[in-house]
$ cat upload_22.txt   # compact mmCIF, C-alpha atoms and all ligand atoms
# COMPACT_ATOMS: atom_id res chain seq x y z
CA MET A 14 97.57 120.32 93.42
CA LYS A 15 97.99 121.58 89.84
CA GLY A 16 101.70 122.00 89.08
CA LYS A 17 102.73 120.70 92.53
CA VAL A 18 104.36 117.49 93.77
CA GLN A 19 103.18 115.54 96.82
CA THR A 20 105.96 114.07 99.00
CA VAL A 21 105.61 112.08 102.25
CA CYS A 22 106.40 115.34 104.09
CA GLY A 23 103.88 117.47 102.20
CA VAL A 24 103.34 119.42 98.99
CA VAL A 25 106.39 120.95 97.26
CA ASP A 26 107.22 122.91 94.15
CA PRO A 27 108.74 120.69 91.41
CA ASP A 28 111.78 123.01 91.21
CA VAL A 29 113.04 121.83 94.63
CA LEU A 30 113.28 118.13 93.64
CA GLY A 31 116.72 118.14 91.99
CA LYS A 32 118.15 114.87 90.71
CA THR A 33 115.43 112.25 90.97
CA LEU A 34 115.37 108.45 90.74
CA THR A 35 111.83 107.59 89.69
CA HIS A 36 111.66 103.89 90.58
CA GLU A 37 113.16 102.60 93.82
CA HIS A 38 112.10 100.65 96.92
CA LEU A 39 113.20 101.67 100.41
CA PHE A 40 111.07 99.20 102.38
CA MET A 41 109.40 96.12 100.92
CA GLU A 42 109.01 92.35 101.04
CA PHE A 43 109.30 90.56 97.71
CA ASP A 44 108.07 87.08 98.70
CA VAL A 45 106.02 86.91 95.49
CA ALA A 46 109.24 86.66 93.46
CA TYR A 47 110.67 83.75 95.49
CA THR A 48 112.07 81.18 93.05
CA PRO A 49 113.17 77.78 94.43
CA ALA A 50 116.89 77.07 94.06
CA ARG A 51 118.07 74.11 91.98
CA GLU A 52 117.86 70.81 93.88
CA HIS A 53 121.58 70.54 94.73
CA GLU A 54 121.70 74.19 95.92
CA ARG A 55 118.61 74.16 98.15
CA GLN A 56 120.65 74.54 101.35
CA LEU A 57 121.88 77.92 100.07
CA GLU A 58 118.37 79.44 100.22
CA LEU A 59 118.92 80.20 103.90
CA CYS A 60 122.66 80.89 103.87
CA GLU A 61 124.09 84.01 105.47
CA PHE A 62 125.43 86.99 103.53
CA SER A 63 129.17 86.26 103.35
CA MET A 64 131.93 86.70 100.77
CA GLU A 65 131.71 82.99 100.15
CA ASN A 66 127.97 83.05 99.38
CA LEU A 67 127.70 86.40 97.60
CA GLY A 68 128.54 85.02 94.15
CA TRP A 69 125.67 82.54 94.43
CA ILE A 70 123.25 85.15 95.78
CA ARG A 71 124.07 87.46 92.84
CA GLN A 72 123.24 84.70 90.35
CA ASN A 73 120.14 83.57 92.27
CA PRO A 74 118.80 86.73 93.94
CA TYR A 75 115.20 85.49 94.21
CA SER A 76 116.13 82.08 95.63
CA HIS A 77 117.81 83.50 98.72
CA LYS A 78 115.11 84.07 101.33
CA LEU A 79 116.86 86.84 103.26
CA ASN A 80 117.74 88.67 100.05
CA ILE A 81 114.11 89.38 99.11
CA LYS A 82 113.29 91.13 102.38
CA LEU A 83 113.97 94.87 102.61
CA SER A 84 112.23 95.16 105.98
CA ASP A 85 114.53 93.80 108.73
CA PRO A 86 116.67 96.05 110.97
CA PRO A 87 120.01 95.40 109.17
CA THR A 88 118.36 96.46 105.89
CA THR A 89 116.59 99.54 107.22
CA ALA A 90 119.93 100.63 108.76
CA ALA A 91 121.68 100.02 105.42
CA ILE A 92 119.02 102.03 103.58
CA ALA A 93 119.36 104.90 106.06
CA ASN A 94 123.14 105.00 105.46
CA GLU A 95 122.50 105.02 101.74
CA MET A 96 120.23 108.06 102.03
CA ALA A 97 123.13 110.01 103.54
CA THR A 98 125.45 109.03 100.65
CA TYR A 99 122.71 109.62 98.07
CA LYS A 100 122.41 113.18 99.37
CA LYS A 101 126.21 113.59 99.42
CA PHE A 102 126.50 112.55 95.75
CA GLY A 103 123.89 115.08 94.66
CA GLY A 104 120.62 113.15 94.99
CA GLY A 105 117.51 115.21 95.69
CA THR A 106 114.47 112.96 95.39
CA ILE A 107 113.47 109.28 95.32
CA VAL A 108 110.12 107.92 94.15
CA GLU A 109 109.24 104.83 96.25
CA ASN A 110 107.18 102.39 94.21
CA SER A 111 106.01 99.84 96.81
CA THR A 112 102.28 99.22 96.55
CA LYS A 113 99.73 96.76 97.98
CA GLY A 114 101.25 93.27 97.97
CA LEU A 115 104.79 94.51 98.70
CA ASN A 116 104.31 95.51 102.35
CA ARG A 117 104.94 99.24 101.92
CA ASN A 118 105.83 101.36 105.00
CA VAL A 119 105.12 105.09 104.56
CA ASN A 120 106.05 105.92 108.17
CA PHE A 121 109.59 104.69 107.51
CA LEU A 122 109.71 106.75 104.30
CA ARG A 123 108.79 109.94 106.15
CA GLU A 124 111.36 109.22 108.88
CA LEU A 125 114.06 108.77 106.22
CA SER A 126 113.04 111.94 104.43
CA LYS A 127 113.12 114.00 107.63
CA ASN A 128 116.42 112.55 108.85
CA TYR A 129 118.36 112.79 105.59
CA GLY A 130 116.78 115.69 103.71
CA VAL A 131 115.88 113.63 100.64
CA HIS A 132 112.42 114.21 99.15
CA ILE A 133 110.52 110.92 99.02
CA ILE A 134 107.31 110.30 97.10
CA ALA A 135 105.14 107.30 98.03
CA GLY A 136 103.02 105.26 95.64
CA THR A 137 99.48 103.93 96.03
CA GLY A 138 97.83 101.09 94.15
CA TYR A 139 98.38 97.39 93.68
CA TYR A 140 101.30 95.17 92.69
CA VAL A 141 100.72 91.98 90.56
CA SER A 142 97.75 89.70 91.31
CA ALA A 143 100.01 86.92 92.63
CA ALA A 144 101.04 89.22 95.51
CA GLN A 145 97.47 89.92 96.71
CA ASP A 146 95.40 88.36 99.49
CA LYS A 147 91.91 86.91 98.86
CA GLN A 148 90.10 90.00 100.11
CA THR A 149 92.00 92.38 97.82
CA MET A 150 91.50 90.05 94.83
CA LYS A 151 87.72 90.60 95.14
CA GLU A 152 87.86 94.41 94.95
CA SER A 153 85.78 96.06 92.24
CA VAL A 154 87.07 98.86 90.00
CA GLU A 155 85.07 101.32 92.06
CA GLU A 156 86.59 100.13 95.34
CA MET A 157 90.07 100.38 93.82
CA VAL A 158 89.44 103.93 92.56
CA ASN A 159 88.19 104.94 96.01
CA PHE A 160 91.17 103.37 97.78
CA MET A 161 93.74 105.10 95.54
CA ALA A 162 91.90 108.44 95.56
CA LYS A 163 91.79 108.38 99.36
CA GLU A 164 95.53 107.67 99.63
CA LEU A 165 96.29 110.52 97.20
CA THR A 166 93.91 113.16 98.53
CA VAL A 167 93.11 112.32 102.18
CA GLY A 168 95.81 110.11 103.71
CA SER A 169 97.41 106.67 103.39
CA GLU A 170 96.13 103.44 104.91
CA GLU A 171 98.99 103.21 107.46
CA CYS A 172 99.19 106.89 108.41
CA ALA A 173 96.38 109.42 108.01
CA ASP A 174 98.70 112.41 107.66
CA ILE A 175 100.97 110.99 104.96
CA LYS A 176 99.61 111.19 101.40
CA CYS A 177 100.82 109.34 98.32
CA GLY A 178 102.12 111.30 95.33
CA ILE A 179 101.78 108.77 92.51
CA ILE A 180 99.71 105.75 91.53
CA GLY A 181 102.16 102.86 91.16
CA GLU A 182 103.90 100.78 90.62
CA ILE A 183 100.83 99.05 89.22
CA GLY A 184 101.88 95.42 88.78
CA CYS A 185 100.91 93.59 85.58
CA SER A 186 101.65 90.01 84.52
CA TRP A 187 101.74 88.43 81.07
CA PRO A 188 99.11 87.51 80.13
CA LEU A 189 97.13 90.04 82.17
CA HIS A 190 95.13 88.64 85.09
CA ASP A 191 91.50 89.86 85.42
CA PHE A 192 92.40 91.54 88.71
CA GLU A 193 95.16 93.48 86.92
CA ARG A 194 92.77 94.57 84.16
CA ARG A 195 90.54 96.06 86.86
CA VAL A 196 93.51 97.80 88.47
CA ILE A 197 94.62 99.35 85.15
CA LYS A 198 91.07 100.60 84.54
CA ALA A 199 90.89 101.98 88.09
CA ALA A 200 94.28 103.70 87.63
CA GLY A 201 93.04 105.37 84.43
CA GLU A 202 89.81 106.53 86.07
CA ALA A 203 91.53 107.82 89.22
CA GLN A 204 94.17 109.60 87.13
CA SER A 205 91.59 111.36 84.99
CA THR A 206 89.83 112.78 88.08
CA ILE A 207 92.88 113.61 90.18
CA GLY A 208 95.53 114.44 87.55
CA CYS A 209 98.22 112.48 89.42
CA PRO A 210 101.30 110.71 87.95
CA VAL A 211 101.07 106.96 87.26
CA MET A 212 103.71 104.18 87.04
CA PHE A 213 103.26 100.73 85.48
CA HIS A 214 105.25 97.52 85.88
CA PRO A 215 104.55 95.61 82.64
CA GLY A 216 104.35 91.82 82.24
CA ARG A 217 107.51 90.20 80.91
CA HIS A 218 106.57 90.25 77.20
CA HIS A 219 107.35 92.79 74.48
CA GLU A 220 103.64 93.38 73.74
CA ALA A 221 102.74 94.06 77.39
CA PRO A 222 103.59 97.81 77.52
CA GLU A 223 101.37 98.75 74.59
CA GLU A 224 98.41 96.70 75.86
CA ILE A 225 98.60 98.37 79.28
CA LEU A 226 98.89 101.85 77.74
CA ARG A 227 95.80 101.21 75.58
CA LEU A 228 93.65 99.92 78.50
CA TYR A 229 94.73 102.81 80.76
CA CYS A 230 93.99 105.44 78.09
CA GLU A 231 90.61 103.83 77.29
CA ALA A 232 89.71 104.29 80.97
CA GLY A 233 90.52 108.01 80.70
CA GLY A 234 94.13 108.04 81.90
CA SER A 235 96.43 110.73 80.50
CA VAL A 236 99.37 109.36 78.50
CA SER A 237 101.51 112.39 79.40
CA LYS A 238 101.31 111.49 83.13
CA MET A 239 102.12 107.82 82.59
CA VAL A 240 105.43 105.98 82.98
CA MET A 241 106.14 102.54 81.55
CA GLY A 242 108.74 100.96 83.83
CA HIS A 243 111.23 98.14 83.25
CA LEU A 244 111.65 98.74 79.52
CA ASP A 245 115.20 97.35 79.84
CA ARG A 246 113.92 93.78 80.28
CA THR A 247 110.76 94.14 78.16
CA ILE A 248 111.45 95.68 74.72
CA HIS A 249 114.72 94.59 73.13
CA GLU A 250 114.26 95.50 69.43
CA LEU A 251 115.24 99.09 68.63
CA ASP A 252 112.43 99.62 66.09
CA ALA A 253 109.82 98.31 68.53
CA LEU A 254 111.25 100.62 71.17
CA LEU A 255 110.86 103.72 68.97
CA GLU A 256 107.34 102.64 68.04
CA PHE A 257 106.40 102.33 71.71
CA ALA A 258 108.07 105.64 72.63
CA SER A 259 106.06 107.39 69.92
CA LEU A 260 102.85 106.63 71.89
CA GLY A 261 103.78 109.50 74.22
CA CYS A 262 104.28 108.10 77.73
CA PHE A 263 107.54 108.31 79.73
CA CYS A 264 109.93 105.42 79.05
CA GLU A 265 111.83 104.23 82.10
CA TYR A 266 115.20 102.44 82.27
CA ASP A 267 115.09 101.38 85.87
CA LEU A 268 117.26 98.30 86.30
CA PHE A 269 120.64 100.09 86.22
CA GLY A 270 123.22 98.20 88.25
CA ILE A 271 121.95 94.73 87.33
CA GLU A 272 124.89 93.27 85.40
CA THR A 273 123.91 89.61 85.55
CA SER A 274 122.64 88.26 82.22
CA HIS A 275 120.83 85.32 83.89
CA TYR A 276 117.30 86.58 84.64
CA ALA A 277 115.55 84.14 86.95
CA LEU A 278 112.11 85.75 86.53
CA ASN A 279 112.14 85.20 82.74
CA LEU A 280 114.66 82.68 81.45
CA ALA A 281 113.79 83.58 77.84
CA VAL A 282 115.36 87.01 78.31
CA ASP A 283 119.03 87.98 78.51
CA MET A 284 119.05 90.83 81.01
CA PRO A 285 120.87 93.73 79.32
CA SER A 286 123.99 95.21 80.90
CA ASP A 287 124.36 98.89 81.85
CA ALA A 288 126.31 99.37 78.58
CA GLN A 289 123.37 97.99 76.58
CA ARG A 290 120.91 100.15 78.54
CA ILE A 291 123.02 103.21 77.68
CA ALA A 292 123.10 102.24 73.98
CA ARG A 293 119.29 101.94 73.87
CA ILE A 294 118.88 105.26 75.68
CA ARG A 295 121.28 106.89 73.21
CA HIS A 296 119.08 105.55 70.38
CA LEU A 297 115.96 107.06 71.99
CA VAL A 298 117.71 110.40 72.55
CA ASP A 299 119.03 110.48 68.96
CA ASN A 300 115.50 109.89 67.69
CA GLY A 301 114.00 112.81 69.58
CA PHE A 302 112.65 111.08 72.72
CA GLY A 303 115.07 112.71 75.20
CA GLU A 304 112.19 114.42 77.01
CA LYS A 305 110.51 111.10 77.73
CA ILE A 306 113.26 109.09 79.45
CA LEU A 307 113.50 108.39 83.20
CA LEU A 308 116.24 106.52 85.12
CA ALA A 309 116.44 104.37 88.26
CA HIS A 310 117.88 101.19 89.82
CA ASP A 311 114.64 99.62 91.11
CA ILE A 312 116.52 98.24 94.12
CA HIS A 313 114.31 95.46 95.48
CA THR A 314 116.76 92.96 96.97
CA LYS A 315 119.41 93.28 99.68
CA HIS A 316 122.37 92.30 97.51
CA ARG A 317 122.12 95.53 95.51
CA LEU A 318 122.67 97.69 98.62
CA VAL A 319 126.22 98.80 99.41
CA ALA A 320 126.13 97.14 102.86
CA PHE A 321 125.41 93.78 101.21
CA GLY A 322 128.03 94.01 98.44
CA GLY A 323 125.95 95.94 95.91
CA HIS A 324 126.07 99.14 93.86
CA GLY A 325 123.66 101.22 95.99
CA PHE A 326 121.48 104.21 95.15
CA SER A 327 124.32 106.43 93.90
CA HIS A 328 125.43 104.06 91.12
CA ILE A 329 123.74 106.03 88.33
CA PHE A 330 125.36 109.31 89.41
CA ASN A 331 128.82 107.85 90.04
CA ASN A 332 129.18 105.17 87.37
CA VAL A 333 126.46 105.45 84.74
CA VAL A 334 126.52 109.20 84.05
CA PRO A 335 130.30 109.25 83.27
CA LYS A 336 129.80 106.32 80.89
CA MET A 337 126.84 108.06 79.23
CA LEU A 338 129.01 111.13 78.60
CA ASP A 339 131.71 108.89 77.18
CA ARG A 340 129.17 107.25 74.87
CA GLY A 341 128.02 110.54 73.36
CA ILE A 342 124.99 111.43 75.47
CA SER A 343 125.25 115.15 76.30
CA GLN A 344 125.17 116.64 79.81
CA ASP A 345 122.03 118.45 78.70
CA ALA A 346 120.30 115.19 77.81
CA ILE A 347 121.42 113.66 81.13
CA ASP A 348 120.03 116.63 83.09
CA ARG A 349 116.75 116.17 81.26
CA MET A 350 116.55 112.50 82.30
CA LEU A 351 117.55 113.08 85.93
CA ILE A 352 116.00 116.48 86.70
CA HIS A 353 113.56 117.93 84.15
CA ASN A 354 111.66 114.83 83.04
CA PRO A 355 110.97 113.60 86.61
CA LYS A 356 109.77 117.11 87.51
CA ASN A 357 107.38 117.19 84.54
CA TRP A 358 106.06 113.73 85.32
CA LEU A 359 105.61 114.24 89.08
CA ALA A 360 103.70 117.54 88.93
CA PHE A 361 99.94 116.97 89.20
CA ALA A 362 97.93 118.06 86.15
CA LYS A 363 94.95 119.16 88.25
ZN ZN B 401 109.75 98.19 91.35

$ encode --input "upload_22.txt" --output "structure tokens"
Amino acid sequence: MKGKVQTVCGVVDPDVLGKTLTHEHLFMEFDVAYTPAREHERQLELCEFSMENLGWIRQNPYSHKLNIKLSDPPTTAAIANEMATYKKFGGGTIVENSTKGLNRNVNFLRELSKNYGVHIIAGTGYYVSAAQDKQTMKESVEEMVNFMAKELTVGSEECADIKCGIIGEIGCSWPLHDFERRVIKAAGEAQSTIGCPVMFHPGRHHEAPEEILRLYCEAGGSVSKMVMGHLDRTIHELDALLEFASLGCFCEYDLFGIETSHYALNLAVDMPSDAQRIARIRHLVDNGFGEKILLAHDIHTKHRLVAFGGHGFSHIFNNVVPKMLDRGISQDAIDRMLIHNPKNWLAFAK
């Protein structure tokens, strides 16, 4: 696999990938994030998607029970439509980050890829401990390594002739759960043997990314094949950001399109806007980290899909890139983030 990328349709050369979003979800169920609505709004948890309700759903995306399911027929149809527009607006590849605990569906990913000509890369591994069943919670490091290695080199759990192309997203909480410590260790061990790319979802605390990086590297994982996701909502101080970037992993801004400052999953944090994301990225680029930045929307709820009143998978190309150019980020730097960096990350090292 050295120098090659593994998609749900087989092995490809990294040069064919084109513009790549490195952190998205095309089929998942996000029940673990369900957050009860405030007492007087409880009846809205089951409301239908309508103009009247959309404002509430946007403010309370994890309280609306239909919104956290990307698995029903209206959603899979909406996602299929979006693949056609993604292709039309210049998209080449999507990395699908659903792992154990999020009800991944690799057969659907392959069908999408075949029907719409978009390269799709599936992830193996485990989401946060709160999303796991009792059986999975008992798995040893060795069992986890074997599970991930099999999905990367033999075939996935759901379909023997579809292989995964990355480990991740590996879900971590703050503080780290024992189960998650085992998963990080297993990810490091599996990476060192297989040479595959790895993606982490850090706990919602500014010290979480560095702790994960350290544990993964101690287990043998290569820092140059590792992505730290969700930096937008995790590290807010510019100096701390540069310090983290200097550790050598890829730094991902993957919540583009979320323009609501209220962040239900961590009330202590003001979710940055796209403009603030762009300013932080500009700071990283200006300080020499342009080769380490990756971009995505991490769509994981219905309301962010075009069919449900959202921005969709082409938002970065159509709205963010023009604003980046306007804010002094060069076309060259943008091409690095959307084409060259994903290619370098996704190619196996062994
Ligand atoms: Zn994700």

$ closest_residue --input "upload_22.txt" --among "A:Ser205, A:Thr247, A:Arg51, A:Thr137" --to "A:Ala281" --atoms "all atoms listed in the file"
A:Thr247

$ residues_near_ligand --input "upload_22.txt" --ligand "ligand ZN 401 (chain B)" --cutoff "8 Å" --atoms "only C-alpha atoms and all ligand atoms" --output "list in words"
His36, Glu37, His38, Asn110, Ser111, Glu182, His214, Asp311, Ile312 and His313 of chain A

$ atom_distance --input "upload_22.txt" --atom1 "atom CA of A:Ile294" --atom2 "atom CA of A:Cys264"
9.6 Å

$ residues_around --input "upload_22.txt" --residues "A:Cys262" --least-positions-apart "3" --cutoff "10 Å" --atoms "all atoms listed in the file" --output "list in words"
Leu226, Ser235, Val236, Ser237, Lys238, Met239, Val240, Met241, Phe257, Ala258, Ser259, Glu265, Lys305, Ile306 and Trp358 of chain A

$ residues_around --input "upload_22.txt" --residues "A:Gln204" --least-positions-apart "3" --cutoff "9 Å" --atoms "all atoms listed in the file" --output "list in words"
Ala162, Ile180, Ala199, Ala200, Gly201, Ile207, Gly208, Cys209, Pro210, Val211, Gly233, Gly234, Ser235 and Lys238 of chain A

$ atom_distance --input "upload_22.txt" --atom1 "atom CA of A:Cys22" --atom2 "atom CA of A:Leu318"
24.6 Å

$ atom_distance --input "upload_22.txt" --atom1 "atom CA of A:Ser126" --atom2 "atom CA of A:Ala203"
26.7 Å

$ residues_around --input "upload_22.txt" --residues "A:Ala309" --least-positions-apart "6" --cutoff "12 Å" --atoms "all atoms listed in the file" --output "JSON, numbers by chain"
{"A": [32, 33, 34, 35, 36, 37, 38, 104, 106, 107, 108, 109, 110, 242, 243, 244, 245, 264, 265, 266, 267, 268, 269, 270, 271, 287, 290, 325, 326, 327, 328, 329, 330, 333, 334, 350, 351, 355]}

$ closest_residue --input "upload_22.txt" --among "A:Ile291, A:Leu251, A:Val196, A:Leu30" --to "A:Leu228" --atoms "only C-alpha atoms"
A:Val196

$ closest_residue --input "upload_22.txt" --among "A:Glu220, A:Gly303, A:Val154, A:Gln56" --to "A:Gln344" --atoms "all atoms listed in the file"
A:Gly303
